[in-house]
Every structure is written in structure tokens, then in C-alpha cells.
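**Q** Following this message is one structure expressed as C-alpha cells.
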Amino acid sequence: MTAAAGAQLVAPVDTGPAEADWAAAEALIRAVGPTSRVLLICHVNPDGDALGSMLGFGLGLRQLGVSGLQATFPGPPEVPEPFRGLPGLELLVPAGAADPAPDLVICFDAASESRLGELAGRLSTAPAVLVLDHHASNPGFGSVNLVDPRAAATSVVAEQLLARLGVPLDRAIAECLYVALTTDTGSFRFEATTPAVHQLAARLLSTGISPGDISRRVFDTRPFGAVRLFGEVLGRARLEPTAADGRGLVWTFATLDDLARHDQRPYVLEALIDSVRCTAEADVSCVLKQTAADEWAVSMRSKGAVNVSRVAVALGGGGHTFAAGFTGRGTAEHVIEAIRGELTGALITGDA
């Protein structure tokens, strides 16, 4: 994808974990004893990569004989409907029931400590914290960090560590990691889809999992109320062709009243950005999802002319070059105004 005429896209220079990081992570896991307590945490409002990576890795740890194992995420203990068929859900406990002083914390797909919500305190009560992630904006908040911005999903990092630990892929682990991989690559449509991604998918599929069944559950099933909700929210979408120095911005918002009127849970809105981002006249797409009075979960996407991670970081969030988000406060118009103000400074040019 190209930016405006005369501008040259420059890929960010990202490096993955060093061999010493992999060795340190492996040593942490191998030091887990039969009485050790291990707490797995993924980010608030977990998506397929967060849940799939965490549960798949948890099942791998169980293969290694780790018995004192819990998995959790901040906020209400509600697994989004598309992921309620995932193996390993029995590992989940509500955030309030999570071990207050585990021997090891492993974090998945969280770009920052703030994404761990009320569970962030566990980072200071545990002797060791291992971070598995693929967000370039991750500052490395663990004692050992496996952060690879080149990875298409956190599940890629999780699978690599499982392989180093000698954990064989079975159908349960593979299904979790496949859901994680397909959700974060947009069913292998996004720029991060490399030959290595397809090779990993082939290894996962070779365990006998059913990609058709998984796709129907994760991508192709939603309540009729959600269909009506999408129609209403898309009907209020606004196109600003002059935004981002003429690259264009398209945005919309969904309120708590919208959800209540159509009797829908917040997770259904996660797929809304895909319907907005296809707008031909805009490089940047944005969806605001109300989470409380004057509070919004903001999702942003770019087709290649704008580094939306820069926008998100400037506004207190993070993410990837072409997919990022943050928590906005105020009215929807106030949040969008803040985004507009950051777009020009986030253009990807030959000097970026």
C-alpha cells in the first residue's frame, strides 16, 4: 500500500528478542517446581491473540507438569462468545481470585502494564515476570522480555518458546494458537502475514484441527442484534478526506445505549473496525467504543500512510504501526479532535 504521491513508506526497524532473552525465559520456566504457583495474565478486554496465546501456553505448561497454574485477565470474567469453545478455559479464574503472590507471572499480548488493569500489582509481588508480546510500543516491563515486533501475533512468540521447551503441539494447544494467529492476521490478510506465518499455520493444522469450524465460530457467527447494531453504528460513520494531510480519516462511535438497545455485549464491537477500514477514501479508520461515561476504547487502523501507533502512544496507548489503540476520555468529538491533532505528525514519509 502506498502513501500520497511523493511520499515513501519506510518500514520501522524492529528487532526481536536476543538469544540471551530466549535462554533466560527458558530458564525461568524450567525452574518452576512441583509446588510453584504460576499466574498467566493477558490484557483487558481480551481478543483472540491474548486468550489463545495464554491458554495455549498454559496447556503447554501443563504438559510440562506445572500444576499450580492459573490464567486470568482484568475486568469482568466474561470470555467473548467467539472464544468460548477454546481448549484450556478451565485454567481461567476471575481477576479477584488470582493468586496474590505467585512465584512467576507470565504476561501475554499486553503492550504495557496499564493493559493489565487491577492485575498490574501482581508484577511487584512476584519474584519474576516473563512478558510475551509483539507490540513495538512495549517498554519491556518484565524481568525477562520476549517482545518481537516482527511477529504477526503473540502466539508466534508463545509457540517458539514452547518449541524450545520441547513441548509437542497437540490439538488443544494448536487450536488455541491457531485462533490467536488468525485473529491477529485478519485471517492471513494483513501485512504481517509472512511465509513463516503460513508455515506455523501448517504445523498447527497438521495436528488435525478444523479451520472451517474455527472460522465459523470466530469470524462468521454473530447475533442478529449485532447485525442491526452494526448497521446503526455504520450509518453514523463520518468521512474526513482532508484529515492527515489529505490521506483521509473515517470514524464512527458506539455507545453503551447502543449496546443496551440491541441487547448486545461489548465484545461484538471488536469486529466493527473491519467494516470501517475498507473505506477507499481514507487511510486511517477509527472506532470509538464507549466503556463508561466519558470513556472510550479507541481502535485505529492505517492502510500505510500513517503510523497509528505514534498517535496511540501520544494519547496514552500503544500498538503496531498500522493497528493501535488507546483509552480516550471526554465526548466522542473531543477524542476525535485529539486524534486529528496527532495524525499529521504520524505520517510515514521518506524522513520518518
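The chains in the C-alpha cells are called A, B, ... from first to last as shown; in each chain the residues are counted from 1, and the ligands are counted from 1 in the order shown.
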Contacts between region 48-60 of chain A and region 191-229 of chain A, please, where a residue of region 191-229 of chain A counts if it comes within 12 Å (with only C-alpha atoms); show its shortest atom pair and distance in Å to one decimal, rows by chain and ascending number, as a Markdown table.
**A**
| residue | atom | partner | partner_atom | distance |
| --- | --- | --- | --- | --- |
| A:Leu204 | CA | A:Gly56 | CA | 11.6 |
| A:Ile214 | CA | A:Gly48 | CA | 11.5 |
| A:Ser215 | CA | A:Gly48 | CA | 11.9 |
| A:Arg217 | CA | A:Gly48 | CA | 11.7 |
| A:Val218 | CA | A:Gly48 | CA | 8.5 |
| A:Phe219 | CA | A:Gly48 | CA | 10.6 |
**Q** So that each row is one residue of region 12-81 of chain A with an atom at most 7 Å from region 91-94 of chain A, can you give its shortest atom pair and the distance in Å to one decimal, using only C-alpha atoms, rows by chain and rising number, as JSON lines?
**A**
{"residue": "A:Gln70", "atom": "CA", "partner": "A:Leu91", "partner_atom": "CA", "distance": 5.5}
{"residue": "A:Ala71", "atom": "CA", "partner": "A:Leu92", "partner_atom": "CA", "distance": 4.6}
{"residue": "A:Thr72", "atom": "CA", "partner": "A:Leu92", "partner_atom": "CA", "distance": 5.3}
{"residue": "A:Pro77", "atom": "CA", "partner": "A:Pro94", "partner_atom": "CA", "distance": 5.2}
**Q** Emit the selected residues as a short mmCIF file (atom, residue, chain, number, x, y, z; two decimals), in the first residue's frame, including N, CA, C and O atoms.
**A**
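The resulting file, again_8.cif, is shown below:
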data_model
loop_
_atom_site.label_atom_id
_atom_site.label_comp_id
_atom_site.auth_asym_id
_atom_site.auth_seq_id
_atom_site.Cartn_x
_atom_site.Cartn_y
_atom_site.Cartn_z
N GLN A 70 -2.74 -20.83 37.14
CA GLN A 70 -3.96 -20.05 36.95
C GLN A 70 -3.77 -19.13 35.74
O GLN A 70 -2.67 -18.66 35.47
N ALA A 71 -4.89 -18.87 35.05
CA ALA A 71 -4.90 -17.90 33.96
C ALA A 71 -6.02 -16.91 34.23
O ALA A 71 -7.10 -17.29 34.72
N THR A 72 -5.80 -15.64 33.89
CA THR A 72 -6.80 -14.64 34.20
C THR A 72 -6.62 -13.41 33.33
O THR A 72 -5.64 -13.30 32.56
N PRO A 77 -15.10 -11.21 34.44
CA PRO A 77 -14.61 -12.52 33.98
C PRO A 77 -15.50 -13.13 32.91
O PRO A 77 -16.03 -14.23 33.06
#
**Q** Find the residues near Thr252 (chain A): any atom within 12 Å, counting only C-alpha atoms, skip ones fewer than 6 places away on the same chain, and give them as a ChimeraX atom specification.
**A** /A:230-240,269,272-273,275-277,284-290,296,298-300,332-333,335-336
**Q** From the set A:Ala297, A:Ile29, A:Leu162, A:Ala305, which residue has the shortest atom-to-atom contact distance to Gly325 (chain A), counting only C-alpha atoms?
**A**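 Nearest candidate to Gly325 (chain A) out of A:Ala297, A:Ile29, A:Leu162, A:Ala305: A:Ala297.
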**Q** Neighbours of Ala31 (chain A) within 12 Å (only C-alpha atoms; same-chain residues fewer than 6 positions away dropped), as a list in words?
**A**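 Result of the neighbour search: Ala24, Ala25, Arg37, Val38, Leu64, Gly65, Val66, Asp103, Leu104, Ala128 and Leu165 of chain A.
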**Q** Per residue of region 114-220 of chain A within 12 Å of region 95-99 of chain A, what are the shortest atom pair and its distance in Å to one decimal, counting only C-alpha atoms, with rows by chain and residue number, as a Markdown table?
**A**
| residue | atom | partner | partner_atom | distance |
| --- | --- | --- | --- | --- |
| A:Leu116 | CA | A:Ala95 | CA | 10.1 |
| A:Gly117 | CA | A:Ala95 | CA | 9.6 |
| A:Glu118 | CA | A:Ala95 | CA | 7.8 |
| A:Leu119 | CA | A:Ala95 | CA | 6.9 |
| A:Ala120 | CA | A:Ala95 | CA | 10.7 |
| A:Gly121 | CA | A:Asp99 | CA | 11.2 |
| A:Arg122 | CA | A:Asp99 | CA | 8.4 |
| A:Leu123 | CA | A:Asp99 | CA | 11.6 |
| A:Thr125 | CA | A:Asp99 | CA | 10.0 |
| A:Ala126 | CA | A:Asp99 | CA | 10.0 |
**Q** Could you save those same residues with N, CA and C atoms as an mmCIF file, in the first residue's frame?
**A**
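Written file, again_4.cif:
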data_model
loop_
_atom_site.group_PDB
_atom_site.id
_atom_site.type_symbol
_atom_site.label_atom_id
_atom_site.label_comp_id
_atom_site.auth_asym_id
_atom_site.auth_seq_id
_atom_site.Cartn_x
_atom_site.Cartn_y
_atom_site.Cartn_z
ATOM 1 N N LEU A 116 -2.960 -4.317 32.015
ATOM 2 C CA LEU A 116 -3.237 -5.388 32.966
ATOM 3 C C LEU A 116 -4.229 -4.961 34.048
ATOM 4 N N GLY A 117 -4.671 -3.708 34.010
ATOM 5 C CA GLY A 117 -5.688 -3.243 34.928
ATOM 6 C C GLY A 117 -5.352 -3.513 36.377
ATOM 7 N N GLU A 118 -6.327 -4.044 37.104
ATOM 8 C CA GLU A 118 -6.149 -4.288 38.535
ATOM 9 C C GLU A 118 -5.159 -5.406 38.826
ATOM 10 N N LEU A 119 -4.748 -6.148 37.799
ATOM 11 C CA LEU A 119 -3.775 -7.221 37.993
ATOM 12 C C LEU A 119 -2.333 -6.743 37.892
ATOM 13 N N ALA A 120 -2.120 -5.485 37.554
ATOM 14 C CA ALA A 120 -0.755 -4.973 37.405
ATOM 15 C C ALA A 120 0.031 -5.096 38.700
ATOM 16 N N GLY A 121 -0.643 -5.075 39.831
ATOM 17 C CA GLY A 121 0.044 -5.202 41.109
ATOM 18 C C GLY A 121 0.746 -6.532 41.294
ATOM 19 N N ARG A 122 0.305 -7.560 40.549
ATOM 20 C CA ARG A 122 0.953 -8.868 40.666
ATOM 21 C C ARG A 122 2.396 -8.824 40.159
ATOM 22 N N LEU A 123 2.730 -7.824 39.354
ATOM 23 C CA LEU A 123 4.095 -7.721 38.834
ATOM 24 C C LEU A 123 5.090 -7.424 39.942
ATOM 25 N N THR A 125 4.556 -8.298 43.203
ATOM 26 C CA THR A 125 4.530 -9.321 44.257
ATOM 27 C C THR A 125 5.183 -10.627 43.822
ATOM 28 N N ALA A 126 5.460 -10.765 42.530
ATOM 29 C CA ALA A 126 6.094 -11.991 42.027
ATOM 30 C C ALA A 126 7.607 -11.797 41.927
#
**Q** Could you write out, as a PDB file with N, CA and C atoms, in the first residue's frame, all the residues of region 88-245 of chain A that DSSP marks as strand (DSSP E)?
**A**
ATOM      1  N   LEU A 104       5.747 -16.959  39.773  1.00  0.00           N
ATOM      2  CA  LEU A 104       6.092 -16.492  38.430  1.00  0.00           C
ATOM      3  C   LEU A 104       4.835 -15.954  37.770  1.00  0.00           C
ATOM      4  N   VAL A 105       4.953 -14.766  37.176  1.00  0.00           N
ATOM      5  CA  VAL A 105       3.874 -14.187  36.370  1.00  0.00           C
ATOM      6  C   VAL A 105       4.320 -14.200  34.915  1.00  0.00           C
ATOM      7  N   ILE A 106       3.434 -14.645  34.035  1.00  0.00           N
ATOM      8  CA  ILE A 106       3.706 -14.598  32.597  1.00  0.00           C
ATOM      9  C   ILE A 106       2.602 -13.768  31.960  1.00  0.00           C
ATOM     10  N   CYS A 107       2.978 -12.687  31.269  1.00  0.00           N
ATOM     11  CA  CYS A 107       2.026 -11.769  30.648  1.00  0.00           C
ATOM     12  C   CYS A 107       1.981 -11.996  29.136  1.00  0.00           C
ATOM     13  N   PHE A 108       0.793 -11.932  28.574  1.00  0.00           N
ATOM     14  CA  PHE A 108       0.592 -12.210  27.148  1.00  0.00           C
ATOM     15  C   PHE A 108      -0.105 -11.048  26.450  1.00  0.00           C
ATOM     16  N   ALA A 128       9.529 -13.048  39.742  1.00  0.00           N
ATOM     17  CA  ALA A 128       9.938 -12.969  38.337  1.00  0.00           C
ATOM     18  C   ALA A 128       8.710 -12.747  37.461  1.00  0.00           C
ATOM     19  N   VAL A 129       8.897 -11.952  36.399  1.00  0.00           N
ATOM     20  CA  VAL A 129       7.825 -11.660  35.450  1.00  0.00           C
ATOM     21  C   VAL A 129       8.364 -11.882  34.036  1.00  0.00           C
ATOM     22  N   LEU A 130       7.688 -12.738  33.298  1.00  0.00           N
ATOM     23  CA  LEU A 130       8.047 -13.013  31.912  1.00  0.00           C
ATOM     24  C   LEU A 130       6.990 -12.387  31.013  1.00  0.00           C
ATOM     25  N   VAL A 131       7.409 -11.583  30.041  1.00  0.00           N
ATOM     26  CA  VAL A 131       6.495 -10.903  29.130  1.00  0.00           C
ATOM     27  C   VAL A 131       6.642 -11.496  27.733  1.00  0.00           C
ATOM     28  N   LEU A 132       5.526 -11.962  27.170  1.00  0.00           N
ATOM     29  CA  LEU A 132       5.467 -12.423  25.786  1.00  0.00           C
ATOM     30  C   LEU A 132       4.564 -11.466  25.019  1.00  0.00           C
ATOM     31  N   ASP A 133       5.109 -10.832  23.975  1.00  0.00           N
ATOM     32  CA  ASP A 133       4.332  -9.804  23.289  1.00  0.00           C
ATOM     33  C   ASP A 133       4.919  -9.556  21.903  1.00  0.00           C
ATOM     34  N   VAL A 144      12.106 -10.577  32.450  1.00  0.00           N
ATOM     35  CA  VAL A 144      12.554 -11.157  31.178  1.00  0.00           C
ATOM     36  C   VAL A 144      11.497 -10.815  30.142  1.00  0.00           C
ATOM     37  N   ASN A 145      11.944 -10.319  28.990  1.00  0.00           N
ATOM     38  CA  ASN A 145      11.005  -9.857  27.978  1.00  0.00           C
ATOM     39  C   ASN A 145      11.257 -10.535  26.642  1.00  0.00           C
ATOM     40  N   LEU A 146      10.243 -11.237  26.145  1.00  0.00           N
ATOM     41  CA  LEU A 146      10.263 -11.781  24.796  1.00  0.00           C
ATOM     42  C   LEU A 146       9.277 -10.951  23.976  1.00  0.00           C
ATOM     43  N   VAL A 147       9.746  -9.824  23.480  1.00  0.00           N
ATOM     44  CA  VAL A 147       8.920  -8.904  22.700  1.00  0.00           C
ATOM     45  C   VAL A 147       9.475  -8.857  21.286  1.00  0.00           C
ATOM     46  N   ARG A 238     -18.427   8.914   9.741  1.00  0.00           N
ATOM     47  CA  ARG A 238     -18.097  10.204   9.131  1.00  0.00           C
ATOM     48  C   ARG A 238     -16.768  10.092   8.387  1.00  0.00           C
ATOM     49  N   LEU A 239     -16.737  10.665   7.198  1.00  0.00           N
ATOM     50  CA  LEU A 239     -15.523  10.684   6.374  1.00  0.00           C
ATOM     51  C   LEU A 239     -14.957  12.090   6.364  1.00  0.00           C
ATOM     52  N   GLU A 240     -13.661  12.206   6.682  1.00  0.00           N
ATOM     53  CA  GLU A 240     -12.956  13.482   6.660  1.00  0.00           C
ATOM     54  C   GLU A 240     -11.782  13.360   5.692  1.00  0.00           C
TER      55      GLU A 240
END
**Q** Need to verify the contact set: Asp283 (chain A), 9 Å, only C-alpha atoms, exclusion of same-chain residues closer than 3 positions in sequence. Can you return it as a list in words?
**A**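 My list of contacting residues is Ala3, Ala244, Arg247, Gly248, Leu249, Val250, Arg277, Thr279, Ala280, Arg301, Ser302, Lys303, Gly304, Ala305 and Val306 of chain A.
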**Q** How many Å lie between CA of Ser112 (chain A) and CA of Ile41 (chain A), rounded to one decimal?
**A**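 CA of Ser112 (chain A) sits 12.3 Å away from CA of Ile41 (chain A).
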**Q** DSSP on the backbone: which residues in region 105-282 of chain A end up as alpha helix (DSSP H)? Give the answer as a ChimeraX atom specification.
**A** /A:122-125,154-164,171-184,195-205,211-218,224-235,243-246,256-261,272-276
**Q** Closest to Asp21 (chain A) among A:Ala111, A:Val157, A:Leu86, A:Ala196, using only C-alpha atoms?
**A**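 With only C-alpha atoms as the atom set, the closest residue is A:Val157.
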**Q** Env of Leu256 (chain A): 10 Å cut, atoms = only C-alpha atoms, seq-sep filter 5 positions within chain, self excluded. Answer as a list in words.
**A**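 With the cut-off at 10 Å, the set is Arg261, Gln264, Arg265, Pro266, Lys289, Gln290, Thr291, Ala292 and Ala293 of chain A.
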**Q** Any chance you can output those residues with N, CA, C and O atoms as a compact mmCIF listing (two decimals), in the first residue's frame?
**A**
# COMPACT_ATOMS: atom_id res chain seq x y z
N ARG A 261 -29.72 -1.09 23.73
CA ARG A 261 -30.89 -1.07 22.86
C ARG A 261 -30.99 -2.33 22.01
O ARG A 261 -32.08 -2.83 21.73
N GLN A 264 -26.81 -6.31 23.32
CA GLN A 264 -25.54 -6.91 22.92
C GLN A 264 -24.45 -6.66 23.95
O GLN A 264 -24.48 -5.67 24.68
N ARG A 265 -23.50 -7.58 23.99
CA ARG A 265 -22.34 -7.45 24.86
C ARG A 265 -21.25 -6.65 24.14
O ARG A 265 -21.17 -6.63 22.90
N PRO A 266 -20.35 -5.98 24.87
CA PRO A 266 -19.33 -5.13 24.24
C PRO A 266 -18.43 -5.86 23.24
O PRO A 266 -17.96 -5.25 22.28
N LYS A 289 -15.52 3.02 21.12
CA LYS A 289 -16.48 2.16 21.79
C LYS A 289 -16.60 2.62 23.24
O LYS A 289 -15.64 2.53 24.00
N GLN A 290 -17.76 3.12 23.60
CA GLN A 290 -17.93 3.66 24.94
C GLN A 290 -17.86 2.55 25.98
O GLN A 290 -18.49 1.50 25.86
N THR A 291 -17.07 2.79 27.02
CA THR A 291 -16.91 1.82 28.10
C THR A 291 -17.46 2.33 29.43
O THR A 291 -17.73 1.54 30.33
N ALA A 292 -17.62 3.65 29.55
CA ALA A 292 -18.18 4.28 30.74
C ALA A 292 -18.54 5.70 30.34
O ALA A 292 -18.27 6.13 29.22
N ALA A 293 -19.15 6.42 31.26
CA ALA A 293 -19.46 7.82 30.97
C ALA A 293 -18.17 8.57 30.65
O ALA A 293 -17.22 8.55 31.43
